[in-house]
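> Just so it is clear, I am handing over run36.txt, which has compact mmCIF, C-alpha atoms and all ligand atoms.
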# COMPACT_ATOMS: atom_id res chain seq x y z
CA MET J 1 161.34 134.97 68.89
CA PHE J 2 160.26 131.94 66.92
CA LEU J 3 157.68 129.18 67.38
CA ARG J 4 156.92 125.96 65.56
CA GLY J 5 156.06 126.80 61.95
CA HIS J 6 156.57 130.47 62.67
CA PHE J 7 160.02 131.93 62.18
CA ASP J 8 160.76 135.51 63.14
CA PRO J 9 163.94 136.66 61.32
CA ASN J 10 164.38 139.59 63.74
CA ILE J 11 165.18 137.29 66.61
CA PRO J 12 168.68 135.84 66.48
CA ILE J 13 169.03 132.09 66.90
CA THR J 14 170.89 131.72 70.17
CA VAL J 15 171.02 128.97 72.77
CA LYS J 16 168.59 131.04 74.87
CA THR J 17 165.94 131.54 72.15
CA VAL J 18 166.16 127.88 71.07
CA LYS J 19 165.67 126.75 74.71
CA LYS J 20 162.72 129.10 75.09
CA SER J 21 161.03 127.79 71.96
CA TYR J 22 161.48 124.20 73.22
CA ARG J 23 159.81 125.14 76.48
CA ILE J 24 156.82 126.54 74.57
CA ILE J 25 156.57 123.39 72.43
CA HIS J 26 156.66 121.18 75.54
CA LYS J 27 153.89 123.21 77.11
CA GLU J 28 151.72 122.77 73.99
CA ILE J 29 152.27 119.00 74.07
CA ALA J 30 151.40 118.86 77.78
CA VAL J 31 148.14 120.75 77.18
CA LYS J 32 147.28 118.38 74.30
CA ASN J 33 147.94 115.34 76.51
CA VAL J 34 145.68 116.67 79.24
CA LEU J 35 142.94 117.26 76.65
CA LYS J 36 143.42 113.75 75.25
CA ALA J 37 143.18 112.20 78.72
CA PHE J 38 140.05 114.23 79.40
CA LEU J 39 138.38 113.11 76.16
CA ILE J 40 139.25 109.45 76.80
CA THR J 41 137.79 109.68 80.33
CA LEU J 42 134.65 111.28 78.94
CA CYS J 43 134.21 108.51 76.33
CA LEU J 44 134.69 105.82 79.01
CA ALA J 45 132.13 107.49 81.29
CA VAL J 46 129.56 107.65 78.46
CA LEU J 47 130.22 103.98 77.61
CA ALA J 48 129.86 102.97 81.27
CA ALA J 49 126.55 104.85 81.51
CA PHE J 50 125.25 103.07 78.40
CA SER J 51 126.27 99.60 79.52
CA ALA J 52 124.76 100.23 82.98
CA SER J 53 121.36 101.01 81.45
CA ALA J 54 121.66 97.96 79.17
CA ASP J 55 122.26 95.76 82.24
CA GLU J 56 119.40 97.25 84.22
CA VAL J 57 116.96 94.59 85.39
CA THR J 58 113.49 95.26 84.01
CA TYR J 59 110.12 93.52 84.16
CA ARG J 60 109.95 93.00 80.40
CA LYS J 61 113.46 91.66 79.94
CA HIS J 62 114.14 89.68 83.11
CA VAL J 63 111.12 89.25 85.39
CA LYS J 64 108.34 88.34 82.94
CA PRO J 65 110.25 85.35 81.49
CA ILE J 66 110.68 83.94 85.03
CA MET J 67 107.03 84.61 85.87
CA ASP J 68 105.91 83.03 82.59
CA SER J 69 107.79 79.80 83.12
CA HIS J 70 107.42 79.41 86.89
CA CYS J 71 104.35 81.26 88.18
CA ILE J 72 101.75 81.91 85.50
CA GLY J 73 100.35 78.36 85.67
CA CYS J 74 98.71 79.45 88.95
CA HIS J 75 98.78 83.27 88.56
CA GLY J 76 97.71 83.75 84.92
CA GLU J 77 95.08 85.86 83.16
CA LYS J 78 92.35 83.32 83.92
CA ASN J 79 92.97 83.75 87.65
CA PRO J 80 91.00 86.31 89.67
CA GLU J 81 92.08 89.75 90.92
CA HIS J 82 93.37 89.74 94.48
CA ASP J 83 90.01 90.61 96.07
CA GLY J 84 88.12 88.22 93.79
CA PHE J 85 90.44 85.49 95.02
CA ILE J 86 89.73 86.42 98.66
CA GLU J 87 85.96 86.36 98.02
CA GLU J 88 86.15 82.80 96.74
CA LYS J 89 89.27 81.68 98.50
CA GLU J 90 88.15 78.12 99.27
CA LYS J 91 87.24 77.42 95.67
CA TRP J 92 90.60 78.67 94.35
CA MET J 93 92.62 77.03 97.11
CA ALA J 94 90.92 73.69 96.37
CA SER J 95 92.33 73.82 92.84
CA HIS J 96 95.71 75.20 94.03
CA GLN J 97 95.19 78.38 92.01
CA GLY J 98 96.20 81.89 93.04
CA MET J 99 95.47 85.46 91.95
CA ARG J 100 96.40 87.17 88.68
CA MET J 101 100.01 88.33 88.37
CA ASP J 102 100.47 88.05 84.62
CA THR J 103 101.04 91.75 83.86
CA TYR J 104 103.33 94.41 85.23
CA SER J 105 100.32 96.32 86.57
CA HIS J 106 99.12 93.29 88.52
CA LEU J 107 102.53 92.27 89.81
CA ILE J 108 103.50 95.72 91.04
CA THR J 109 100.56 95.71 93.49
CA TYR J 110 102.27 92.79 95.30
CA VAL J 111 105.57 94.69 95.42
CA ALA J 112 104.54 98.25 96.27
CA TRP J 113 100.87 98.77 97.11
CA PRO J 114 98.28 97.72 98.27
CA TYR J 115 99.79 94.26 99.00
CA THR J 116 103.10 95.81 100.00
CA GLY J 117 105.99 93.36 100.23
CA ALA J 118 103.86 90.24 99.50
CA PHE J 119 106.07 89.44 96.50
CA MET J 120 109.23 89.69 98.64
CA ARG J 121 107.82 87.81 101.66
CA ARG J 122 106.61 84.89 99.52
CA LEU J 123 109.78 84.61 97.43
CA ASP J 124 112.37 85.18 100.14
CA ASP J 125 114.64 82.20 100.86
CA GLY J 126 114.52 82.82 104.61
CA LYS J 127 117.65 84.96 104.76
CA ALA J 128 116.08 88.43 104.63
CA SER J 129 113.36 87.47 107.11
CA GLY J 130 116.03 86.09 109.43
CA THR J 131 113.82 83.08 110.25
CA GLY J 132 115.65 80.74 107.87
CA LYS J 133 112.20 79.64 106.65
CA PRO J 134 111.59 80.44 102.96
CA GLY J 135 108.36 82.08 101.78
CA ASN J 136 105.89 79.53 100.39
CA MET J 137 106.43 80.61 96.73
CA TYR J 138 110.24 80.30 96.89
CA GLU J 139 110.08 76.63 95.86
CA TYR J 140 108.51 77.61 92.52
CA LEU J 141 111.44 79.80 91.52
CA GLY J 142 113.28 76.83 90.03
CA ASN J 143 113.75 73.07 89.96
CA THR J 144 117.15 73.17 91.62
CA GLU J 145 118.53 75.27 94.47
CA THR J 146 120.99 76.87 92.03
CA GLU J 147 118.16 77.92 89.71
CA ARG J 148 116.03 79.19 92.63
CA GLN J 149 118.92 81.29 93.94
CA LYS J 150 119.66 82.67 90.49
CA ASN J 151 116.05 83.68 89.91
CA LEU J 152 115.69 85.06 93.42
CA ASN J 153 118.75 87.19 92.77
CA THR J 154 117.16 88.57 89.58
CA MET J 155 113.95 89.36 91.48
CA LYS J 156 115.98 91.10 94.19
CA GLN J 157 117.81 93.23 91.65
CA TRP J 158 114.52 94.12 90.00
CA VAL J 159 112.85 95.18 93.26
CA GLY J 160 115.91 97.20 94.30
CA HIS J 161 115.79 97.00 98.08
CA TRP J 162 114.48 93.60 99.23
CA ASN J 163 112.15 94.83 101.93
CA LEU J 164 109.68 92.41 103.53
CA LYS J 165 107.67 95.01 105.44
CA ARG J 166 103.91 95.38 105.20
CA TRP J 167 102.12 98.62 104.30
CA LYS J 168 101.54 99.61 107.93
CA ASP J 169 105.28 99.33 108.72
CA VAL J 170 106.77 100.63 105.50
CA THR J 171 108.25 104.16 105.49
CA LYS J 172 108.45 106.72 102.73
CA GLU J 173 112.22 106.11 102.67
CA ASP J 174 111.62 102.35 102.16
CA LEU J 175 109.33 103.08 99.22
CA ALA J 176 111.88 105.43 97.69
CA THR J 177 114.34 102.50 97.41
CA LEU J 178 111.99 100.48 95.18
CA LYS J 179 113.14 100.14 91.56
CA ALA J 180 110.81 97.61 89.88
CA LYS J 181 111.28 99.08 86.40
CA TYR J 182 108.88 98.14 83.60
C1 LIG J 201 101.04 75.57 92.02
C2 LIG J 201 100.46 76.90 91.98
C3 LIG J 201 101.31 78.10 92.24
C4 LIG J 201 102.53 78.44 91.66
C5 LIG J 201 103.32 77.67 90.62
C6 LIG J 201 102.88 79.71 92.22
N1 LIG J 201 101.93 80.14 93.10
FE1 LIG J 201 101.91 81.87 94.12
N2 LIG J 201 100.20 81.35 95.07
C7 LIG J 201 99.46 80.22 94.80
C8 LIG J 201 98.29 80.19 95.66
C9 LIG J 201 97.22 79.11 95.68
C10 LIG J 201 98.34 81.36 96.45
C11 LIG J 201 97.32 81.78 97.52
C12 LIG J 201 97.55 81.03 98.78
C13 LIG J 201 98.67 81.61 99.57
O1 LIG J 201 98.57 82.78 99.94
O2 LIG J 201 99.63 80.89 99.84
C14 LIG J 201 99.55 82.06 96.05
C15 LIG J 201 99.97 83.24 96.61
C16 LIG J 201 101.02 84.00 96.13
C17 LIG J 201 101.39 85.32 96.63
C18 LIG J 201 100.71 86.04 97.78
C19 LIG J 201 99.74 87.09 97.31
C20 LIG J 201 99.12 87.82 98.48
O3 LIG J 201 98.00 88.28 98.36
O4 LIG J 201 99.74 87.95 99.52
C21 LIG J 201 102.45 85.73 95.90
C22 LIG J 201 103.18 87.05 96.01
C23 LIG J 201 102.76 84.69 94.94
N3 LIG J 201 101.88 83.66 95.12
C24 LIG J 201 103.79 84.75 94.04
C25 LIG J 201 104.17 83.67 93.22
C26 LIG J 201 105.33 83.71 92.34
C27 LIG J 201 106.22 84.92 92.14
C28 LIG J 201 105.40 82.48 91.77
C29 LIG J 201 106.47 81.99 90.83
C30 LIG J 201 107.83 81.99 91.31
C31 LIG J 201 104.30 81.70 92.26
N4 LIG J 201 103.59 82.46 93.15
C32 LIG J 201 104.03 80.40 91.88
C33 LIG J 201 99.77 79.24 93.91
C34 LIG J 201 100.95 79.19 93.15
Please express what this file holds, its structure, as structure tokens.
Ligand code: HEC

Amino acid sequence: MFLRGHFDPNIPITVKTVKKSYRIIHKEIAVKNVLKAFLITLCLAVLAAFSASADEVTYRKHVKPIMDSHCIGCHGEKNPEHDGFIEEKEKWMASHQGMRMDTYSHLITYVAWPYTGAFMRRLDDGKASGTGKPGNMYEYLGNTETERQKNLNTMKQWVGHWNLKRWKDVTKEDLATLKAKY
């Protein structure tokens, strides 16, 4: 019998042997096509994985710029730690100044623990709470409603699951849904 590039002179060239060799060639092409499709799928999957991680919302890339332009005027490095603020609350409130939130380490305490959900409760536009009343820091997210919604959306994506619960109500499953990547 003969194959592509391989001729066996002992096998006579008949209609049957020619048909058989065509069948073998077709099979080879089919296998090659399956391999090609597999490789293309693999490349696409790798590309998708890369672009997903490039789009991932992080503190450094997305949240800090919003904090810097909208919040740090009242929550900067000159402002006290949470408990320092509480100790001298009247003094700080009189000057409309809040507690420090200028680093990832500070901010995460208002997302996860100990001030669980404070970040979400204060920034919510009233939809997640179901009251329709926005948290009192929502207004600072932007100068227009469009800008506020856009920035709220970024904050929501960063947090992962927009959960308004306090520490005493939060479950281990709730905490597992937090993203808040650095
Ligand atoms: C004009 C000043 C000012 C700006 C701007 C401001 N805040 Fe505040 N923020 C305060 C003050 C004062 C408090 C404390 C009083 C209170 O609890 O409402 C506070 C409280 C908070 C709390 C509650 C902390 C806790 O212990 O529960 C969070 C969270 C917060 N701010 C987040 C933000 C974010 C995020 C921004 C930007 C989008 C922002 N704030 C912009 C003044 C400000």
> Can you build me a table of chain J residues sitting at most 9 Å from ligand LIG 201 (chain J), with the closest atom pair per residue and its distance in Å to one decimal, using only C-alpha atoms and all ligand atoms, sorted by chain and residue number, as a tab-separated table?

residue	atom	partner	partner_atom	distance
J:Ile66	CA	J:LIG201	C30	7.2
J:Met67	CA	J:LIG201	C29	5.6
J:Asp68	CA	J:LIG201	C29	8.3
J:Ser69	CA	J:LIG201	C29	8.1
J:His70	CA	J:LIG201	C29	4.8
J:Cys71	CA	J:LIG201	C29	3.5
J:Ile72	CA	J:LIG201	C5	6.8
J:Gly73	CA	J:LIG201	C5	5.8
J:Cys74	CA	J:LIG201	C2	4.3
J:His75	CA	J:LIG201	N1	6.4
J:His82	CA	J:LIG201	O3	6.2
J:Asp83	CA	J:LIG201	O3	8.6
J:Phe85	CA	J:LIG201	C11	8.2
J:Ile86	CA	J:LIG201	O3	8.5
J:Lys89	CA	J:LIG201	C11	8.1
J:Trp92	CA	J:LIG201	C9	6.8
J:Met93	CA	J:LIG201	C9	5.2
J:Ala94	CA	J:LIG201	C9	8.3
J:Ser95	CA	J:LIG201	C9	7.7
J:His96	CA	J:LIG201	C9	4.5
J:Gln97	CA	J:LIG201	C9	4.3
J:Gly98	CA	J:LIG201	C8	3.8
J:Met99	CA	J:LIG201	C14	6.7
J:Met101	CA	J:LIG201	C24	7.7
J:Leu107	CA	J:LIG201	C22	8.1
J:Tyr110	CA	J:LIG201	C22	5.9
J:Val111	CA	J:LIG201	C22	8.0
J:Tyr115	CA	J:LIG201	O3	6.3
J:Thr116	CA	J:LIG201	O4	8.6
J:Gly117	CA	J:LIG201	C22	8.1
J:Ala118	CA	J:LIG201	O4	4.7
J:Phe119	CA	J:LIG201	C22	3.8
J:Met120	CA	J:LIG201	C22	7.1
J:Arg121	CA	J:LIG201	C22	7.4
J:Arg122	CA	J:LIG201	C22	5.4
J:Leu123	CA	J:LIG201	C27	6.4
J:Asn136	CA	J:LIG201	O2	6.4
J:Met137	CA	J:LIG201	N4	4.9
J:Tyr138	CA	J:LIG201	C30	6.3
J:Glu139	CA	J:LIG201	C30	7.4
J:Tyr140	CA	J:LIG201	C30	4.6
J:Leu141	CA	J:LIG201	C30	4.2
J:Gly142	CA	J:LIG201	C30	7.6
J:Arg148	CA	J:LIG201	C30	8.8
J:Asn151	CA	J:LIG201	C30	8.5
J:Leu152	CA	J:LIG201	C30	8.7
J:Met155	CA	J:LIG201	C27	8.9
> Any chance you could export the current selection's C-alpha atoms as a PDB file, in the coordinates of the input?

ATOM      1  CA  ILE J  66     110.680  83.940  85.030  1.00  0.00           C
ATOM      2  CA  MET J  67     107.030  84.610  85.870  1.00  0.00           C
ATOM      3  CA  ASP J  68     105.910  83.030  82.590  1.00  0.00           C
ATOM      4  CA  SER J  69     107.790  79.800  83.120  1.00  0.00           C
ATOM      5  CA  HIS J  70     107.420  79.410  86.890  1.00  0.00           C
ATOM      6  CA  CYS J  71     104.350  81.260  88.180  1.00  0.00           C
ATOM      7  CA  ILE J  72     101.750  81.910  85.500  1.00  0.00           C
ATOM      8  CA  GLY J  73     100.350  78.360  85.670  1.00  0.00           C
ATOM      9  CA  CYS J  74      98.710  79.450  88.950  1.00  0.00           C
ATOM     10  CA  HIS J  75      98.780  83.270  88.560  1.00  0.00           C
ATOM     11  CA  HIS J  82      93.370  89.740  94.480  1.00  0.00           C
ATOM     12  CA  ASP J  83      90.010  90.610  96.070  1.00  0.00           C
ATOM     13  CA  PHE J  85      90.440  85.490  95.020  1.00  0.00           C
ATOM     14  CA  ILE J  86      89.730  86.420  98.660  1.00  0.00           C
ATOM     15  CA  LYS J  89      89.270  81.680  98.500  1.00  0.00           C
ATOM     16  CA  TRP J  92      90.600  78.670  94.350  1.00  0.00           C
ATOM     17  CA  MET J  93      92.620  77.030  97.110  1.00  0.00           C
ATOM     18  CA  ALA J  94      90.920  73.690  96.370  1.00  0.00           C
ATOM     19  CA  SER J  95      92.330  73.820  92.840  1.00  0.00           C
ATOM     20  CA  HIS J  96      95.710  75.200  94.030  1.00  0.00           C
ATOM     21  CA  GLN J  97      95.190  78.380  92.010  1.00  0.00           C
ATOM     22  CA  GLY J  98      96.200  81.890  93.040  1.00  0.00           C
ATOM     23  CA  MET J  99      95.470  85.460  91.950  1.00  0.00           C
ATOM     24  CA  MET J 101     100.010  88.330  88.370  1.00  0.00           C
ATOM     25  CA  LEU J 107     102.530  92.270  89.810  1.00  0.00           C
ATOM     26  CA  TYR J 110     102.270  92.790  95.300  1.00  0.00           C
ATOM     27  CA  VAL J 111     105.570  94.690  95.420  1.00  0.00           C
ATOM     28  CA  TYR J 115      99.790  94.260  99.000  1.00  0.00           C
ATOM     29  CA  THR J 116     103.100  95.810 100.000  1.00  0.00           C
ATOM     30  CA  GLY J 117     105.990  93.360 100.230  1.00  0.00           C
ATOM     31  CA  ALA J 118     103.860  90.240  99.500  1.00  0.00           C
ATOM     32  CA  PHE J 119     106.070  89.440  96.500  1.00  0.00           C
ATOM     33  CA  MET J 120     109.230  89.690  98.640  1.00  0.00           C
ATOM     34  CA  ARG J 121     107.820  87.810 101.660  1.00  0.00           C
ATOM     35  CA  ARG J 122     106.610  84.890  99.520  1.00  0.00           C
ATOM     36  CA  LEU J 123     109.780  84.610  97.430  1.00  0.00           C
ATOM     37  CA  ASN J 136     105.890  79.530 100.390  1.00  0.00           C
ATOM     38  CA  MET J 137     106.430  80.610  96.730  1.00  0.00           C
ATOM     39  CA  TYR J 138     110.240  80.300  96.890  1.00  0.00           C
ATOM     40  CA  GLU J 139     110.080  76.630  95.860  1.00  0.00           C
ATOM     41  CA  TYR J 140     108.510  77.610  92.520  1.00  0.00           C
ATOM     42  CA  LEU J 141     111.440  79.800  91.520  1.00  0.00           C
ATOM     43  CA  GLY J 142     113.280  76.830  90.030  1.00  0.00           C
ATOM     44  CA  ARG J 148     116.030  79.190  92.630  1.00  0.00           C
ATOM     45  CA  ASN J 151     116.050  83.680  89.910  1.00  0.00           C
ATOM     46  CA  LEU J 152     115.690  85.060  93.420  1.00  0.00           C
ATOM     47  CA  MET J 155     113.950  89.360  91.480  1.00  0.00           C
TER      48      MET J 155
END
> So that I can check the surroundings of stretch 177-179 of chain J, please list as a list in words every protein, DNA and RNA residue that reaches within 6 Å of it, counting all atoms listed in the file and ignoring chain neighbours fewer than 3 positions away.
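The filter keeps Val159, Gly160, His161 and Asp174 of chain J.
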> Counting all atoms listed in the file, which residues of stretch 81-163 of chain J sit at most 7 Å from some atom of stretch 40-59 of chain J, and what is each one's closest atom pair with its distance in Å to one decimal, listed by chain and rising residue number, as a tab-separated table?

residue	atom	partner	partner_atom	distance
J:Tyr104	CA	J:Tyr59	CA	6.9
J:Gln157	CA	J:Val57	CA	6.5
J:Trp158	CA	J:Val57	CA	5.2
> In Å, rounded to a single decimal, give me how far atom CA of J:Lys64 is from atom CA of J:Lys165.
23.5 Å
> Please, what distance in Å, to one decimal, runs between atom CA of J:Arg60 and atom CA of J:Lys150?
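It comes out at 17.4 Å.
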> Could you check the closest approach to J:Ala128 for each of J:Asn163, J:Gln149, J:Thr103, J:Thr109 and tell me which residue wins, using all atoms listed in the file?
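Going through J:Asn163, J:Gln149, J:Thr103, J:Thr109 one by one, the smallest distance to J:Ala128 is for J:Asn163.
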> Rounded to one decimal place, report the atom CA of J:Asp125-atom CA of J:Arg166 distance in Å.
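Distance reported for this atom pair: 17.5 Å.
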> For J:Leu164, which residue among J:Lys16, J:Lys32, J:Lys181, J:Lys127 is the nearest when counting all atoms listed in the file?
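Counting all atoms listed in the file, the residue closest to J:Leu164 is J:Lys127.
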> Find, counting only C-alpha atoms, the residue in J:Glu145, J:Asp8, J:Glu77, J:Glu173 that gets nearest to J:His106.
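Of J:Glu145, J:Asp8, J:Glu77, J:Glu173, the one nearest J:His106 is J:Glu77, counting only C-alpha atoms.
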> Can you report as AutoDock Vina command-line options the centre and edge lengths in Å, to one decimal, of an axis-aligned box around the listed atoms of stretch 10-28 of chain J padded with 4 Å on each side?

--center_x 161.4 --center_y 130.4 --center_z 70.4 --size_x 27.3 --size_y 26.4 --size_z 21.4
> For J:Gly76, which residue out of J:Lys20, J:Asp102, J:His62, J:Asn10 is the nearest one, using all atoms listed in the file?
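Ranking J:Lys20, J:Asp102, J:His62, J:Asn10 by distance to J:Gly76, first place goes to J:Asp102.
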